[in-house]
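Visitor: I have a structure I would like to understand better, so I am pasting it below and will then ask my questions one at a time.
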Amino acid sequence: MITTTEYLWFETKQRKEFVRITNKISSIVKKSGVREGLVFVSAMHITAGVYVNDWEDGLIEDFQVWLEKLAPAGLDYQHHNTGEDNADAHLKRTIMGHQVILPITDGALDLGPWEQVFYAEFDGCRKKRVVVKVMGTA
Amino acid sequence: MITTTEYLWFETKQRKEFVRITNKISSIVKKSGVREGLVFVSAMHITAGVYVNDWEDGLIEDFQVWLEKLAPAGLDYQHHNTGEDNADAHLKRTIMGHQVILPITDGALDLGPWEQVFYAEFDGCRKKRVVVKVMGTA
Amino acid sequence: MITTTEYLWFETKQRKEFVRITNKISSIVKKSGVREGLVFVSAMHITAGVYVNDWEDGLIEDFQVWLEKLAPAGLDYQHHNTGEDNADAHLKRTIMGHQVILPITDGALDLGPWEQVFYAEFDGCRKKRVVVKVMGTA
């Protein structure tokens with residue numbers, strides 16, 4: 001069995017920003033030499049997520065509006081007694097999820113026609129990591 | 001290590017429909033010959049999900065009502081400027097999740113007493129796929 | 001490839017309670033001898049979850065308040081026609097997620113600086129299990 005581990009670094013310009021990373025994951029898979037297996041992609045910071053959905057700007061805007069409605073910023077959260085102001089980011093990333101697995105078949109990502117992988121930042125403007133681990137057979 | 005890949009096809013009669021697939025996954029696991037490992041089950045379309053919960057009609061109805069409250073159809077979503085009318089389906093599947101892993105122990109699905117796997121369709125009446133990948137040892 | 005399977009038992013004193021389990025998972029990983037791979041952690045009961053987030057009491061309280069708002073107890077759920085009164089627990093665990101994967105690199109959990117794993121009980125005061133499966137190479 002082959003396993004390889006890589007880390008992607010992000011430092012978004014905006015506090016909330018979704019970044020498409022499908023091609024980066026695809027490159028890591030090709031480099032690994034794995035032809036049958038899985039690639040695991042997980043945010044290592046707890047105010048960021050990783051999700052699979054549509055690469056369409058309108059829907060990305062819909063997600064942002066919707067998350068603000070379900071988990072609003074600026075409420076009187078207990079977490080803010082620590083000096084933090086990002087409790088909503090912890091909640092938003094919980095809705096979106098913070099990790100995905102993508103199947104690898106015949107040496108490539110085995111995705112549906114519209115599946116795209118995104119890094120979802122909810123408290124950005126600082127450096128954060130995503131771990132990418134490939135496991136499978138050559 | 002053994003890896004096997006299969007695809008399940010769905011074409012639901014209703015736009016929103018939850019379909020129990022535990023037995024199908026169980027059959028794929030048995031066919032694979034894997035005795036220790038994992039089976040990965042993931043919707044390949046971004047308006048559908050896969051989740052684990054109770055096989056009880058009342059609760060399934062509760063899920064539908066609840067999702068309609070958290071992610072209503074018929075709002076003025078940006079995504080609909082593309083001609084689509086299914087933004088709510090993208091949001092609903094995000095809450096339910098679109099992939100699960102089931103453990104395989106002693107050659108069978110290692111599930112708790114009430115765990116059942118469901119395919120969750122939110123924009124149906126057309127053909128969609130779920131990928132099922134088994135990984136483990138004989 | 002090495003695979004090992006263990007089960008963690010919980011019987012919380014309160015109906016809703018979040019229990020940190022990072023150290024228990026870490027011990028299982030070390031015992032397994034796996035140096036490169038993944039550990040899969042999944043609630044086997046459908047009114048409980050497993051999630052990764054901050055080990056900070058204020059935020060844990062924020063999560064509880066927030067979940068009660070998104071998936072309130074005490075509504076007139078269809079599921080309660082069966083005699084159950086825990087439909088909200090099924091919904092809450094869906095938002096938090098019921099399973100996570102943690103990467104293993106160089107023989108240890110490969111977590112970000114603030115990542116902690118929690119068992120999330122939403123209908124406790126009875127015995128429940130979590131399955132922990134390690135897969136990888138020595």
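Scheme for the structure tokens: letters A, B, ... for chains in order shown; per-chain residue numbers from 1; ligand numbers from 1 in order shown.
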Which residues come within 9 Å of Thr22 in chain A, counting only C-alpha atoms, excluding same-chain residues fewer than 5 positions away, as number ranges by chain?

Guide: A: 27, 115-118

Visitor: With C-alpha atoms retained, write the just-selected residues as an mmCIF file, in the first residue's frame.

Guide:
data_model
loop_
_atom_site.group_PDB
_atom_site.id
_atom_site.type_symbol
_atom_site.label_atom_id
_atom_site.label_comp_id
_atom_site.auth_asym_id
_atom_site.auth_seq_id
_atom_site.Cartn_x
_atom_site.Cartn_y
_atom_site.Cartn_z
ATOM 1 C CA SER A 27 -2.086 16.846 -8.867
ATOM 2 C CA GLU A 115 -18.310 17.782 -8.104
ATOM 3 C CA GLN A 116 -15.681 20.367 -7.129
ATOM 4 C CA VAL A 117 -13.706 20.514 -3.881
ATOM 5 C CA PHE A 118 -13.503 23.783 -1.955
#

Visitor: Please identify which residues in chain C DSSP calls helix (DSSP H, G or I) from the backbone, and express them as JSON, numbers by chain.

Guide: {"C": [22, 23, 24, 25, 26, 27, 28, 29, 30, 31, 32, 57, 58, 59, 60, 61, 62, 63, 64, 65, 66, 67, 68, 69, 70, 78, 79, 80, 81, 82, 87, 88, 89, 90, 91, 92, 93, 94, 95, 96]}

Visitor: Could you write out that same residue set with C-alpha atoms as a compact mmCIF listing (two decimals), in the first residue's frame?

Guide:
# COMPACT_ATOMS: atom_id res chain seq x y z
CA THR C 22 -8.72 12.89 21.63
CA ASN C 23 -6.45 11.13 24.12
CA LYS C 24 -8.36 7.87 23.86
CA ILE C 25 -8.04 7.89 20.07
CA SER C 26 -4.37 8.76 20.36
CA SER C 27 -3.77 5.75 22.65
CA ILE C 28 -5.53 3.41 20.25
CA VAL C 29 -3.38 4.69 17.40
CA LYS C 30 -0.15 4.16 19.35
CA LYS C 31 -1.21 0.65 20.37
CA SER C 32 -1.99 -0.24 16.75
CA ASP C 57 -16.18 25.54 27.54
CA GLY C 58 -17.75 28.75 26.21
CA LEU C 59 -17.84 27.44 22.66
CA ILE C 60 -19.24 24.10 23.80
CA GLU C 61 -22.07 26.03 25.48
CA ASP C 62 -22.53 28.05 22.26
CA PHE C 63 -22.89 24.81 20.30
CA GLN C 64 -25.59 23.56 22.69
CA VAL C 65 -27.58 26.80 22.49
CA TRP C 66 -27.22 26.94 18.72
CA LEU C 67 -28.32 23.33 18.19
CA GLU C 68 -31.36 23.92 20.36
CA LYS C 69 -32.29 26.84 18.10
CA LEU C 70 -31.76 24.93 14.82
CA GLN C 78 -43.89 12.55 13.72
CA HIS C 79 -41.20 10.32 15.19
CA HIS C 80 -42.84 10.74 18.59
CA ASN C 81 -45.86 8.76 17.44
CA THR C 82 -43.66 5.68 17.97
CA ALA C 87 -36.43 13.33 17.33
CA ASP C 88 -34.43 16.48 18.04
CA ALA C 89 -31.45 14.30 19.02
CA HIS C 90 -31.50 12.68 15.56
CA LEU C 91 -31.51 16.14 13.95
CA LYS C 92 -28.83 17.63 16.20
CA ARG C 93 -26.43 14.78 15.57
CA THR C 94 -26.96 15.31 11.82
CA ILE C 95 -25.73 18.91 12.08
CA MET C 96 -22.68 17.96 14.17

Visitor: Write out as number ranges by chain each polymer residue whose atoms come within 6 Å of Phe122 in chain A, counting only C-alpha atoms; drop sequence neighbours fewer than 2 positions from it.

Guide: A: 15-16, 47-48, 89

Visitor: Per residue of range 4-41 of chain A within 6 Å of range 129-138 of chain A, what are the shortest atom pair and its distance in Å to one decimal, counting only C-alpha atoms, with rows by chain and residue number, as a Markdown table?

Guide:
| residue | atom | partner | partner_atom | distance |
| --- | --- | --- | --- | --- |
| A:Thr4 | CA | A:Val134 | CA | 5.2 |
| A:Thr5 | CA | A:Lys133 | CA | 4.5 |
| A:Glu6 | CA | A:Val132 | CA | 5.2 |
| A:Tyr7 | CA | A:Val131 | CA | 4.6 |
| A:Leu8 | CA | A:Val130 | CA | 5.1 |
| A:Trp9 | CA | A:Arg129 | CA | 4.6 |
| A:Gly33 | CA | A:Ala138 | CA | 5.9 |
| A:Val34 | CA | A:Ala138 | CA | 4.6 |
| A:Arg35 | CA | A:Ala138 | CA | 5.0 |
| A:Glu36 | CA | A:Thr137 | CA | 5.4 |
| A:Gly37 | CA | A:Gly136 | CA | 4.0 |
| A:Leu38 | CA | A:Met135 | CA | 5.5 |
| A:Val39 | CA | A:Val134 | CA | 4.3 |
| A:Phe40 | CA | A:Lys133 | CA | 5.1 |
| A:Val41 | CA | A:Val132 | CA | 4.6 |

Visitor: Take CA of Gln14 in chain B and CA of Gly49 in chain B and report the distance between them in Å, one decimal.

Guide: 15.1 Å
